[in-house]
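Trainee: data.cif is the file, holding mmCIF, C-alpha atoms:
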data_structure
loop_
_atom_site.label_atom_id
_atom_site.label_comp_id
_atom_site.auth_asym_id
_atom_site.auth_seq_id
_atom_site.Cartn_x
_atom_site.Cartn_y
_atom_site.Cartn_z
CA MET T 190 181.06 19.04 218.32
CA ILE T 191 181.31 18.27 214.63
CA ASN T 192 178.71 15.85 213.34
CA LYS T 193 178.24 15.75 209.58
CA ILE T 194 175.99 12.69 209.64
CA PHE T 195 172.45 13.36 208.38
CA ALA T 196 169.52 11.09 209.15
CA SER T 197 168.44 10.70 205.53
CA ALA T 198 169.43 11.45 201.97
CA ALA T 199 166.38 13.74 201.70
CA GLU T 200 167.58 15.90 204.60
CA ALA T 201 171.11 16.02 203.20
CA LEU T 202 169.78 17.46 199.91
CA HIS T 203 166.96 19.65 201.26
CA ASP T 204 168.60 22.96 200.20
CA LEU T 205 169.88 21.95 196.75
CA PRO T 206 168.45 24.75 194.58
CA ASP T 207 167.06 24.87 191.05
CA GLY T 208 169.80 25.71 188.56
CA ALA T 209 172.53 24.16 190.71
CA THR T 210 175.69 22.61 189.29
CA VAL T 211 175.92 19.10 190.71
CA MET T 212 178.83 16.68 190.44
CA ILE T 213 177.80 13.03 190.61
CA GLY T 214 180.47 10.41 191.25
CA GLY T 215 180.73 7.08 189.55
CA PHE T 216 182.12 5.45 186.44
CA GLY T 217 179.23 3.54 184.96
CA ASN T 218 177.51 2.01 187.98
CA ALA T 219 180.68 1.64 190.07
CA GLY T 220 180.63 4.42 192.65
CA MET T 221 177.33 5.87 191.44
CA PRO T 222 175.50 7.27 194.52
CA SER T 223 172.13 5.81 193.54
CA GLU T 224 170.32 6.56 196.82
CA LEU T 225 171.39 10.22 196.68
CA ILE T 226 170.26 10.48 193.05
CA ASP T 227 166.90 8.97 193.97
CA ALA T 228 166.61 11.55 196.75
CA LEU T 229 167.50 14.32 194.29
CA ILE T 230 164.72 13.13 191.96
CA ASP T 231 162.24 13.17 194.87
CA GLN T 232 163.53 16.58 196.04
CA GLY T 233 162.46 18.21 192.79
CA ALA T 234 165.32 20.57 191.91
CA ARG T 235 165.36 21.28 188.18
CA ASP T 236 167.35 23.08 185.50
CA LEU T 237 170.45 21.32 186.82
CA THR T 238 173.94 21.17 185.32
CA ILE T 239 175.31 17.69 185.95
CA ILE T 240 179.00 16.73 185.90
CA ASN T 241 179.62 12.98 185.60
CA ASN T 242 181.82 10.76 183.47
CA ASN T 243 178.80 9.35 181.65
CA ALA T 244 175.24 10.39 180.91
CA GLY T 245 173.39 7.58 182.60
CA ASN T 246 172.51 4.11 181.42
CA GLY T 247 169.50 1.87 181.82
CA GLU T 248 166.55 3.20 183.82
CA THR T 249 168.00 4.01 187.24
CA GLY T 250 170.35 6.55 188.80
CA LEU T 251 171.49 9.35 186.51
CA ALA T 252 169.37 7.98 183.65
CA ALA T 253 166.26 8.37 185.82
CA LEU T 254 167.21 11.98 186.63
CA LEU T 255 167.53 12.69 182.89
CA LYS T 256 164.27 10.89 182.16
CA ALA T 257 162.56 13.16 184.73
CA ARG T 258 163.77 16.13 182.59
CA ARG T 259 165.58 17.82 185.41
CA VAL T 260 168.90 18.32 183.66
CA ARG T 261 169.56 21.34 181.45
CA LYS T 262 173.19 20.57 180.70
CA ILE T 263 175.57 17.67 181.16
CA ILE T 264 179.36 17.90 181.27
CA CYS T 265 180.88 14.45 180.65
CA SER T 266 183.39 12.46 178.64
CA PHE T 267 181.43 9.44 177.46
CA PRO T 268 177.66 9.89 177.10
CA ARG T 269 177.08 7.18 174.50
CA GLN T 270 176.58 3.67 175.82
CA HIS T 271 174.55 0.77 174.48
CA ASP T 272 171.77 1.59 176.97
CA SER T 273 172.05 5.39 177.29
CA HIS T 274 168.69 5.77 175.53
CA HIS T 275 167.31 8.49 177.83
CA PHE T 276 170.30 10.75 177.14
CA ASP T 277 170.31 9.83 173.45
CA ALA T 278 166.63 10.83 173.06
CA LEU T 279 167.06 14.17 174.87
CA TYR T 280 170.20 14.95 172.89
CA ARG T 281 168.67 14.16 169.52
CA ALA T 282 165.62 16.26 170.44
CA GLY T 283 167.89 19.18 171.36
CA GLU T 284 166.55 19.16 174.91
CA ILE T 285 169.88 18.84 176.71
CA ILE T 286 173.17 20.70 176.29
CA LEU T 287 176.25 18.48 176.07
CA GLU T 288 179.74 19.71 176.96
CA LEU T 289 182.06 16.88 175.94
CA VAL T 290 185.41 16.83 177.76
CA PRO T 291 188.24 14.30 177.38
CA GLN T 292 188.16 12.13 180.50
CA GLY T 293 191.55 13.15 181.86
CA ASN T 294 190.79 16.83 181.27
CA LEU T 295 187.48 16.36 183.07
CA ALA T 296 189.28 14.80 186.06
CA GLU T 297 192.01 17.44 186.10
CA ARG T 298 189.55 20.33 185.75
CA ILE T 299 187.70 18.98 188.79
CA ARG T 300 190.97 18.47 190.67
CA ALA T 301 192.09 22.00 189.77
CA ALA T 302 188.90 23.52 191.19
CA GLY T 303 189.36 21.66 194.47
CA ALA T 304 193.00 22.67 194.71
CA GLY T 305 192.48 26.35 193.91
CA ILE T 306 194.20 26.23 190.51
CA GLY T 307 192.91 28.83 188.02
CA GLY T 308 193.48 26.66 184.95
CA PHE T 309 196.20 24.52 183.39
CA TYR T 310 197.90 23.63 180.12
CA THR T 311 197.36 20.02 179.03
CA PRO T 312 198.60 18.14 175.94
CA THR T 313 195.33 16.18 175.80
CA GLY T 314 193.12 17.24 172.93
CA TYR T 315 195.66 19.47 171.19
CA GLY T 316 194.96 19.62 167.47
CA THR T 317 191.48 18.08 167.85
CA ALA T 318 187.93 19.36 167.55
CA LEU T 319 187.60 19.38 171.35
CA ALA T 320 190.29 22.07 171.62
CA GLN T 321 188.80 24.37 168.99
CA GLY T 322 188.67 27.98 170.12
CA LYS T 323 190.81 27.30 173.17
CA GLU T 324 194.06 29.05 174.00
CA THR T 325 197.14 26.98 173.14
CA ARG T 326 200.77 27.35 174.07
CA GLU T 327 204.04 25.65 173.17
CA ILE T 328 206.11 24.73 176.22
CA ASN T 329 209.54 23.10 175.77
CA GLY T 330 208.62 22.04 172.23
CA ARG T 331 205.30 20.44 173.12
CA HIS T 332 201.82 21.80 172.38
CA TYR T 333 199.29 22.35 175.14
CA VAL T 334 195.66 23.48 175.46
CA PHE T 335 194.46 25.76 178.27
CA GLU T 336 191.63 24.28 180.34
CA LEU T 337 189.63 25.95 183.11
CA PRO T 338 188.76 24.50 186.51
CA LEU T 339 185.35 22.92 187.06
CA ALA T 340 183.64 23.56 190.39
CA ALA T 341 180.16 22.70 191.66
CA ASP T 342 177.55 23.75 194.18
CA PHE T 343 177.00 20.17 195.31
CA ALA T 344 178.87 16.89 194.86
CA LEU T 345 177.05 13.60 195.42
CA ILE T 346 179.48 10.74 195.93
CA LYS T 347 179.55 7.16 197.20
CA ALA T 348 182.09 5.73 199.63
CA LEU T 349 182.38 2.55 201.67
CA LYS T 350 182.85 3.94 205.18
CA GLY T 351 182.85 7.36 206.79
CA ASP T 352 182.97 8.91 210.24
CA ARG T 353 181.18 11.96 211.68
CA TRP T 354 184.10 14.24 210.71
CA GLY T 355 183.58 13.21 207.07
CA ASN T 356 186.70 11.06 206.61
CA LEU T 357 186.10 8.52 203.85
CA VAL T 358 187.44 5.27 202.48
CA TYR T 359 186.21 3.78 199.22
CA ARG T 360 185.87 0.32 197.71
CA LYS T 361 187.95 -0.80 194.70
CA THR T 362 187.19 1.01 191.40
CA ALA T 363 184.14 2.68 192.97
CA ARG T 364 186.63 5.32 194.18
CA ASN T 365 187.00 6.86 190.68
CA PHE T 366 185.80 10.52 190.82
CA GLY T 367 184.84 10.58 194.52
CA PRO T 368 187.97 12.13 196.06
CA ILE T 369 188.35 14.91 193.47
CA MET T 370 184.65 15.79 193.33
CA ALA T 371 184.57 15.97 197.14
CA ALA T 372 187.18 18.73 197.02
CA ALA T 373 185.61 20.64 194.12
CA ALA T 374 182.10 21.27 195.49
CA ARG T 375 180.85 23.80 198.01
CA ILE T 376 178.72 21.11 199.67
CA THR T 377 179.79 17.49 199.30
CA VAL T 378 177.30 14.83 200.32
CA ALA T 379 178.71 11.31 200.67
CA GLN T 380 176.57 8.22 200.93
CA VAL T 381 178.36 5.44 202.78
CA SER T 382 177.56 1.81 203.44
CA GLU T 383 178.69 2.19 207.04
CA CYS T 384 179.20 5.08 209.47
CA VAL T 385 182.02 4.24 211.87
CA GLY T 386 183.26 5.88 215.05
CA LEU T 387 186.02 8.48 215.14
CA GLY T 388 189.34 6.66 215.16
CA ASP T 389 187.95 3.51 213.58
CA LEU T 390 189.36 4.43 210.16
CA ASP T 391 193.13 3.90 210.04
CA PRO T 392 194.47 7.45 209.56
CA GLU T 393 197.14 6.05 207.22
CA VAL T 394 194.52 4.85 204.76
CA VAL T 395 191.90 7.62 204.87
CA VAL T 396 191.45 8.54 201.19
CA THR T 397 189.29 11.66 201.50
CA PRO T 398 190.06 13.80 204.56
CA GLY T 399 186.90 15.02 206.26
CA ILE T 400 187.59 18.67 205.41
CA TYR T 401 186.25 17.97 201.90
CA VAL T 402 182.97 16.41 203.08
CA GLN T 403 180.11 18.45 204.53
CA ARG T 404 177.37 15.84 204.83
CA LEU T 405 177.26 12.09 205.28
CA VAL T 406 174.38 9.65 204.95
CA GLN T 407 174.40 5.95 205.69
CA VAL T 408 172.35 4.01 203.13
CA MET S 606 197.17 -12.74 144.40
CA ALA S 607 195.40 -11.95 147.67
CA LEU S 608 197.37 -10.56 150.58
CA ILE S 609 198.30 -12.96 153.37
CA ARG S 610 195.96 -12.24 156.27
CA ARG S 611 196.21 -12.88 160.00
CA ASP S 612 193.12 -13.08 162.19
CA ARG S 613 192.43 -10.99 165.28
CA ALA S 614 193.80 -13.57 167.71
CA GLU S 615 197.05 -13.76 165.74
CA ILE S 616 197.36 -9.95 165.65
CA ALA S 617 196.76 -9.81 169.41
CA ALA S 618 199.45 -12.45 169.95
CA ARG S 619 201.84 -10.44 167.72
CA VAL S 620 201.23 -7.28 169.81
CA ALA S 621 201.69 -9.24 173.06
CA ALA S 622 205.03 -10.61 171.80
CA ASP S 623 206.29 -7.01 171.37
CA ILE S 624 205.45 -6.01 174.97
CA PRO S 625 208.54 -6.44 177.18
CA ASP S 626 208.35 -8.08 180.60
CA GLY S 627 207.92 -5.41 183.27
CA SER S 628 206.00 -2.97 181.08
CA VAL S 629 203.01 -0.95 182.29
CA VAL S 630 200.35 -1.20 179.60
CA ASN S 631 196.86 0.15 178.97
CA LEU S 632 194.68 -1.87 176.60
CA GLY S 633 191.92 0.20 175.00
CA ILE S 634 188.30 -0.89 174.72
CA GLY S 635 187.47 -3.34 171.92
CA LEU S 636 190.03 -5.25 169.85
CA PRO S 637 193.03 -4.34 172.09
CA THR S 638 191.52 -6.18 175.09
CA LEU S 639 192.32 -9.44 173.21
CA VAL S 640 196.03 -8.78 173.84
CA ALA S 641 195.58 -9.68 177.53
CA ASN S 642 194.88 -13.29 176.49
CA TYR S 643 198.45 -13.57 175.19
CA LEU S 644 200.34 -11.99 178.09
CA GLU S 645 201.54 -15.14 179.83
CA ALA S 646 201.17 -15.09 183.62
CA ASP S 647 204.90 -15.70 184.08
CA ARG S 648 205.61 -12.31 182.50
CA GLU S 649 204.92 -9.39 184.79
CA VAL S 650 203.16 -6.96 182.49
CA LEU S 651 201.18 -4.54 184.67
CA LEU S 652 197.82 -3.63 183.16
CA HIS S 653 196.53 -0.12 183.86
CA SER S 654 192.83 0.66 183.61
CA GLU S 655 191.85 4.33 183.31
CA ASN S 656 189.09 4.05 185.92
CA GLY S 657 191.76 3.59 188.57
CA VAL S 658 193.54 0.23 188.59
CA LEU S 659 197.15 -0.90 188.24
CA GLY S 660 197.72 -4.65 188.17
CA MET S 661 194.39 -5.62 186.64
CA GLY S 662 193.82 -9.37 186.32
CA PRO S 663 191.62 -11.45 184.01
CA ALA S 664 187.83 -11.70 184.09
CA PRO S 665 186.50 -13.39 187.22
CA VAL S 666 185.01 -16.88 187.14
CA PRO S 667 181.21 -16.78 186.82
CA GLY S 668 179.58 -15.96 190.14
CA GLU S 669 182.66 -14.09 191.42
CA GLU S 670 181.90 -10.77 189.67
CA ASP S 671 182.19 -7.65 191.84
CA PRO S 672 180.29 -4.55 190.59
CA ASP S 673 182.91 -2.36 192.30
CA LEU S 674 185.78 -3.97 190.36
CA ILE S 675 185.42 -3.16 186.67
CA ASN S 676 187.60 -2.11 183.75
CA ALA S 677 187.32 0.89 181.40
CA GLY S 678 184.79 -1.05 179.32
CA LYS S 679 182.73 -1.48 182.52
CA GLN S 680 183.20 -5.25 182.46
CA PRO S 681 184.03 -7.15 185.68
CA VAL S 682 187.74 -7.85 186.21
CA THR S 683 190.02 -9.07 189.00
CA LEU S 684 193.06 -7.59 190.76
CA ARG S 685 196.45 -9.32 190.77
CA ALA S 686 198.39 -9.57 194.04
CA GLY S 687 200.28 -6.28 194.31
CA GLY S 688 197.64 -4.37 192.35
CA CYS S 689 196.15 -1.13 193.66
CA PHE S 690 193.41 1.45 193.21
CA PHE S 691 193.54 5.24 192.80
CA HIS S 692 191.26 8.11 191.83
CA HIS S 693 190.64 9.43 188.33
CA ALA S 694 192.97 12.45 188.46
CA ASP S 695 195.85 10.19 189.52
CA SER S 696 194.95 7.67 186.84
CA PHE S 697 195.07 10.24 184.06
CA GLY S 698 198.13 11.88 185.61
CA MET S 699 199.86 8.53 185.09
CA MET S 700 199.03 8.78 181.39
CA ARG S 701 199.83 12.45 180.77
CA GLY S 702 202.90 12.21 182.99
CA GLY S 703 204.43 9.62 180.68
CA HIS S 704 204.42 6.82 183.23
CA LEU S 705 202.73 4.23 180.98
CA ASP S 706 205.10 2.36 178.68
CA ILE S 707 202.60 1.28 176.03
CA CYS S 708 198.97 1.74 175.23
CA VAL S 709 197.15 -0.27 172.58
CA LEU S 710 194.20 1.38 170.84
CA GLY S 711 191.79 0.66 168.03
CA ALA S 712 191.47 3.16 165.16
CA PHE S 713 189.40 4.30 162.20
CA GLN S 714 192.49 5.73 160.52
CA VAL S 715 196.18 6.40 161.20
CA SER S 716 198.25 8.81 159.13
CA GLU S 717 201.80 8.08 157.98
CA ARG S 718 202.97 10.73 160.48
CA GLY S 719 201.23 8.97 163.36
CA ASP S 720 198.07 11.07 163.63
CA LEU S 721 195.27 9.00 165.17
CA ALA S 722 191.52 9.10 164.46
CA ASN S 723 189.53 6.74 166.65
CA TRP S 724 186.87 8.62 168.64
CA HIS S 725 184.26 10.00 166.28
CA THR S 726 183.02 9.14 162.81
CA GLY S 727 182.17 12.81 162.26
CA GLU S 728 178.71 11.88 161.00
CA PRO S 729 176.30 14.70 161.90
CA ASP S 730 173.78 12.47 163.70
CA ALA S 731 176.40 10.54 165.70
CA ILE S 732 176.45 11.21 169.44
CA PRO S 733 180.06 12.09 170.23
CA ALA S 734 181.82 10.28 173.09
CA VAL S 735 185.55 10.57 173.73
CA GLY S 736 186.24 8.97 177.12
CA GLY S 737 189.96 8.56 177.76
CA ALA S 738 191.00 8.15 174.11
CA MET S 739 192.67 11.56 173.75
CA ASP S 740 194.54 11.18 177.05
CA LEU S 741 195.79 7.70 176.15
CA ALA S 742 196.83 8.85 172.69
CA ILE S 743 199.20 11.55 173.94
CA GLY S 744 200.19 10.00 177.26
CA ALA S 745 201.87 6.64 176.83
CA LYS S 746 205.53 6.44 175.79
CA GLN S 747 204.49 4.26 172.84
CA VAL S 748 201.08 4.05 171.22
CA PHE S 749 200.31 0.85 169.32
CA VAL S 750 197.24 0.68 167.11
CA MET S 751 195.42 -2.56 166.25
CA MET S 752 193.15 -2.38 163.22
CA ASP S 753 192.33 -3.95 159.87
CA LEU S 754 194.53 -2.49 157.14
CA LEU S 755 191.61 -2.05 154.75
CA THR S 756 187.99 -1.02 155.16
CA LYS S 757 185.25 -3.38 154.01
CA GLN S 758 185.27 -1.35 150.77
CA GLY S 759 189.00 -2.03 150.32
CA GLN S 760 190.20 1.48 151.25
CA SER S 761 193.45 1.74 153.21
CA LYS S 762 193.08 2.91 156.80
CA LEU S 763 196.73 3.94 156.74
CA VAL S 764 196.48 7.33 155.03
CA ALA S 765 198.35 10.52 154.16
CA HIS S 766 195.93 12.62 156.23
CA CYS S 767 193.05 11.38 158.41
CA ASP S 768 189.55 12.19 157.09
CA TYR S 769 187.96 11.40 160.45
CA PRO S 770 188.22 13.84 163.39
CA LEU S 771 191.60 13.51 165.11
CA THR S 772 192.16 11.96 168.53
CA GLY S 773 195.81 13.00 168.71
CA VAL S 774 198.53 14.48 166.51
CA GLY S 775 201.68 12.48 165.71
CA CYS S 776 201.11 10.14 168.64
CA VAL S 777 201.10 6.62 167.12
CA SER S 778 204.35 4.66 166.79
CA ARG S 779 203.24 1.26 165.49
CA VAL S 780 200.24 -0.14 163.64
CA TYR S 781 199.42 -3.85 163.88
CA THR S 782 197.10 -4.90 161.07
CA ASP S 783 195.77 -8.10 159.54
CA HIS S 784 198.23 -7.75 156.62
CA GLY S 785 201.38 -6.55 158.38
CA VAL S 786 203.00 -4.47 161.10
CA PHE S 787 203.97 -0.89 160.28
CA ALA S 788 205.94 1.89 161.96
CA VAL S 789 204.70 5.48 161.53
CA GLY S 790 206.18 8.80 162.57
CA PRO S 791 207.95 11.97 161.42
CA GLU S 792 209.93 9.98 158.81
CA GLY S 793 206.81 8.41 157.33
CA LEU S 794 205.64 4.82 156.92
CA PHE S 795 207.86 1.76 157.29
CA LEU S 796 207.20 -1.97 157.03
CA VAL S 797 208.19 -3.84 160.19
CA ASP S 798 206.70 -7.27 159.41
CA GLY S 799 204.76 -8.17 156.26
CA TYR S 800 203.80 -11.67 157.46
CA GLY S 801 205.21 -12.88 154.14
CA ASN S 802 203.55 -10.16 152.03
CA SER S 803 206.18 -8.37 149.94
CA LEU S 804 206.75 -4.62 150.29
CA ALA S 805 205.63 -4.14 146.67
CA HIS S 806 202.48 -6.15 147.22
CA LEU S 807 201.54 -4.06 150.29
CA GLN S 808 202.53 -0.81 148.55
CA ALA S 809 199.95 -1.59 145.87
CA VAL S 810 197.08 -1.15 148.38
CA LEU S 811 198.55 1.85 150.23
CA PRO S 812 198.03 5.52 149.26
CA VAL S 813 201.33 6.55 150.89
CA SER S 814 204.92 5.58 150.27
CA LEU S 815 206.06 2.45 152.16
CA ARG S 816 209.69 1.81 152.92
CA ALA S 817 211.53 -1.12 154.48
CA ALA S 818 212.38 -0.62 158.15
CA GLY S 819 216.09 0.16 158.57
#
Represent the supplied structure as structure tokens.
Mentor:
Amino acid sequence: MINKIFASAAEALHDLPDGATVMIGGFGNAGMPSELIDALIDQGARDLTIINNNAGNGETGLAALLKARRVRKIICSFPRQHDSHHFDALYRAGEIILELVPQGNLAERIRAAGAGIGGFYTPTGYGTALAQGKETREINGRHYVFELPLAADFALIKALKGDRWGNLVYRKTARNFGPIMAAAARITVAQVSECVGLGDLDPEVVVTPGIYVQRLVQV
Amino acid sequence: MALIRRDRAEIAARVAADIPDGSVVNLGIGLPTLVANYLEADREVLLHSENGVLGMGPAPVPGEEDPDLINAGKQPVTLRAGGCFFHHADSFGMMRGGHLDICVLGAFQVSERGDLANWHTGEPDAIPAVGGAMDLAIGAKQVFVMMDLLTKQGQSKLVAHCDYPLTGVGCVSRVYTDHGVFAVGPEGLFLVDGYGNSLAHLQAVLPVSLRAAG
């Protein structure tokens, strides 16, 4: 029998090692898996590389993980927000490495990793500082930059409902990075508002097929 | 004589008037979001938001905000009937794939060839943040910029070459400013609508050659 449902967020993250690369879903607070992040803070893993669209804001979630000094490097598109003070302080003190990636390249690099693509040529960023040092190529008269896939050891994502096979549906714009991060990590942990029985999710509207999800926690 | 000047609401209305019914449009964070106020509900202009929405509606009435339904600026929004959600790779595939008709962006500078600088001041102590700006700049079929023509110090923001770090190369088609509407591109800078300012009067504040649109 396949049962990916774990009793708690702590159990679902028990083997996340120091130095791991961890994708965290969410765009701002929409889709941010706050309970999983809290469990990661309690779990104690350090020296992490975090992949997220932002770099945390306010005092909770990703910002709290940064404040606890557990992140060595962050790969994101938009770290600066009016209340991203924990990231700002670490960055100005030189205590965190920032890899800044245009948002669509970030999404496509994650998608590429999940789909087994070894890299891709994208027009985004051509001729800018964010493409410096990268291979470029002209294809049919247009200029492109070569970007590599972005994979992770763990992905922590938030969905609305899931079943014990790991099938997921999301809610509104909280979907954002969830489906692509689920595919790009070796172990994807999804927190859901509700675990439902097999067959309760309409197979025509399942957004993330269970094959991409290894662990599920109801919060 | 001072240049005739239009305020931000009037510029937003001017941009909205140039967006055809049936267009799919992305409005960037900041000044461009004002354009939504002038897209009458009887026109079906589909608003795209990079965090995964097509058919975005106006801000909700107070008390009806949903933290799971936000726009690229992370403000609460609504969904029009017929609207839908999708993940980030699809959302940016829509941009890069040329499926958006128009995007409207703010800018620090635009060059006469259509180079755009709007993501980073380049100051050494500034924390860089790019978001979807570079994807929007190269993705939409037409890129409109909304900005003041002059800096507070009176320097033109329409330039020969951008001093600020570039967001995209040769990507802007039109620039809507407080003193006029301009077309930019491989042929250089053209005046589309001077709001009553003469070409000579505008040329006097511009560092690049301005021609009348054909």
Trainee: Which of these residues is nearest to S:Leu741, using only C-alpha atoms: T:Ile346, T:Gly314, T:Ile400, T:Leu405?
Mentor: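 The closest residue to S:Leu741 is T:Gly314.
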Trainee: May I ask you to extract the residues of chain S within 6 Å of chain T, using only C-alpha atoms, and to give them as an MDAnalysis selection string?
Mentor: chainID S and resid 656:657 673:674 692:694 697 734:737 739:740 771
Trainee: Name the residues that the PyMOL selection byres ((chain S and resi 817) around 9) picks from the file above, as an NGL selection string, using the file's chain letters and numbers.
Mentor: :S and (794-797 or 804 or 815-816 or 818-819)
Trainee: What does the distance from atom CA of S:Ile609 to atom CA of S:Gly785 come to in Å, to one decimal?
Mentor: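 Atom CA of S:Gly785 lies 8.7 Å from atom CA of S:Ile609.
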Trainee: Give as a PyMOL selection string the residues that the PyMOL selection byres ((chain T and resi 201-207) around 10) matches when applied to the coordinates above.
Mentor: chain T and resi 193-200+208-211+225-226+228-229+232-238+259+342-343+345+376-380+403-406
Trainee: Given the file shown, enumerate the residues that the PyMOL selection byres ((chain T and resi 381) around 8) captures and present them as an MDAnalysis selection string.
Mentor: chainID T and resid 347:351 379:380 382:384 405:408
Trainee: Atom CA of T:His275 to atom CA of T:Arg261: how many Å, to one decimal?
Mentor: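 Rounded to one decimal, the two atoms are 13.5 Å apart.
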Trainee: Here is a test: counting all atoms listed in the file, which residue of S:Tyr800, S:Phe690, S:Tyr643, S:Phe749 is nearest to S:His784?
Mentor: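 Result for the nearest residue to S:His784: S:Tyr800.
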Trainee: Rebuild N, CA and C atoms on stretch 388-406 of chain T, as a PDB file, in the coordinates of the input?
Mentor:
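Below is the file rebuild_26.pdb, written as the result:
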ATOM      1  N   GLY T 388     188.205   7.511 214.800  1.00  0.00           N
ATOM      2  CA  GLY T 388     189.340   6.660 215.160  1.00  0.00           C
ATOM      3  C   GLY T 388     189.253   5.243 214.622  1.00  0.00           C
ATOM      4  N   ASP T 389     188.075   4.872 214.122  1.00  0.00           N
ATOM      5  CA  ASP T 389     187.950   3.510 213.580  1.00  0.00           C
ATOM      6  C   ASP T 389     188.579   3.375 212.201  1.00  0.00           C
ATOM      7  N   LEU T 390     188.668   4.492 211.461  1.00  0.00           N
ATOM      8  CA  LEU T 390     189.360   4.430 210.160  1.00  0.00           C
ATOM      9  C   LEU T 390     190.848   4.642 210.430  1.00  0.00           C
ATOM     10  N   ASP T 391     191.673   3.752 209.904  1.00  0.00           N
ATOM     11  CA  ASP T 391     193.130   3.900 210.040  1.00  0.00           C
ATOM     12  C   ASP T 391     193.551   5.216 209.381  1.00  0.00           C
ATOM     13  N   PRO T 392     194.114   6.157 210.150  1.00  0.00           N
ATOM     14  CA  PRO T 392     194.470   7.450 209.560  1.00  0.00           C
ATOM     15  C   PRO T 392     195.464   7.350 208.395  1.00  0.00           C
ATOM     16  N   GLU T 393     196.194   6.238 208.335  1.00  0.00           N
ATOM     17  CA  GLU T 393     197.140   6.050 207.220  1.00  0.00           C
ATOM     18  C   GLU T 393     196.434   5.692 205.923  1.00  0.00           C
ATOM     19  N   VAL T 394     195.193   5.267 205.987  1.00  0.00           N
ATOM     20  CA  VAL T 394     194.520   4.850 204.760  1.00  0.00           C
ATOM     21  C   VAL T 394     193.253   5.661 204.457  1.00  0.00           C
ATOM     22  N   VAL T 395     193.013   6.729 205.222  1.00  0.00           N
ATOM     23  CA  VAL T 395     191.900   7.620 204.870  1.00  0.00           C
ATOM     24  C   VAL T 395     192.186   8.193 203.482  1.00  0.00           C
ATOM     25  N   VAL T 396     191.236   8.075 202.568  1.00  0.00           N
ATOM     26  CA  VAL T 396     191.450   8.540 201.190  1.00  0.00           C
ATOM     27  C   VAL T 396     190.979   9.978 201.027  1.00  0.00           C
ATOM     28  N   THR T 397     189.802  10.284 201.549  1.00  0.00           N
ATOM     29  CA  THR T 397     189.290  11.660 201.500  1.00  0.00           C
ATOM     30  C   THR T 397     189.242  12.219 202.922  1.00  0.00           C
ATOM     31  N   PRO T 398     190.105  13.183 203.232  1.00  0.00           N
ATOM     32  CA  PRO T 398     190.060  13.800 204.560  1.00  0.00           C
ATOM     33  C   PRO T 398     188.737  14.529 204.757  1.00  0.00           C
ATOM     34  N   GLY T 399     188.230  14.496 205.967  1.00  0.00           N
ATOM     35  CA  GLY T 399     186.900  15.020 206.260  1.00  0.00           C
ATOM     36  C   GLY T 399     186.683  16.478 205.896  1.00  0.00           C
ATOM     37  N   ILE T 400     187.742  17.253 205.759  1.00  0.00           N
ATOM     38  CA  ILE T 400     187.590  18.670 205.410  1.00  0.00           C
ATOM     39  C   ILE T 400     186.839  18.866 204.092  1.00  0.00           C
ATOM     40  N   TYR T 401     186.900  17.864 203.214  1.00  0.00           N
ATOM     41  CA  TYR T 401     186.250  17.970 201.900  1.00  0.00           C
ATOM     42  C   TYR T 401     184.791  17.513 201.903  1.00  0.00           C
ATOM     43  N   VAL T 402     184.316  17.007 203.024  1.00  0.00           N
ATOM     44  CA  VAL T 402     182.970  16.410 203.080  1.00  0.00           C
ATOM     45  C   VAL T 402     182.126  17.189 204.083  1.00  0.00           C
ATOM     46  N   GLN T 403     180.969  17.663 203.639  1.00  0.00           N
ATOM     47  CA  GLN T 403     180.110  18.450 204.530  1.00  0.00           C
ATOM     48  C   GLN T 403     178.970  17.623 205.109  1.00  0.00           C
ATOM     49  N   ARG T 404     178.523  16.611 204.374  1.00  0.00           N
ATOM     50  CA  ARG T 404     177.370  15.840 204.830  1.00  0.00           C
ATOM     51  C   ARG T 404     177.586  14.354 204.516  1.00  0.00           C
ATOM     52  N   LEU T 405     177.063  13.527 205.404  1.00  0.00           N
ATOM     53  CA  LEU T 405     177.260  12.090 205.280  1.00  0.00           C
ATOM     54  C   LEU T 405     175.928  11.399 205.557  1.00  0.00           C
ATOM     55  N   VAL T 406     175.611  10.409 204.742  1.00  0.00           N
ATOM     56  CA  VAL T 406     174.380   9.650 204.950  1.00  0.00           C
ATOM     57  C   VAL T 406     174.705   8.172 204.841  1.00  0.00           C
TER      58      VAL T 406
END
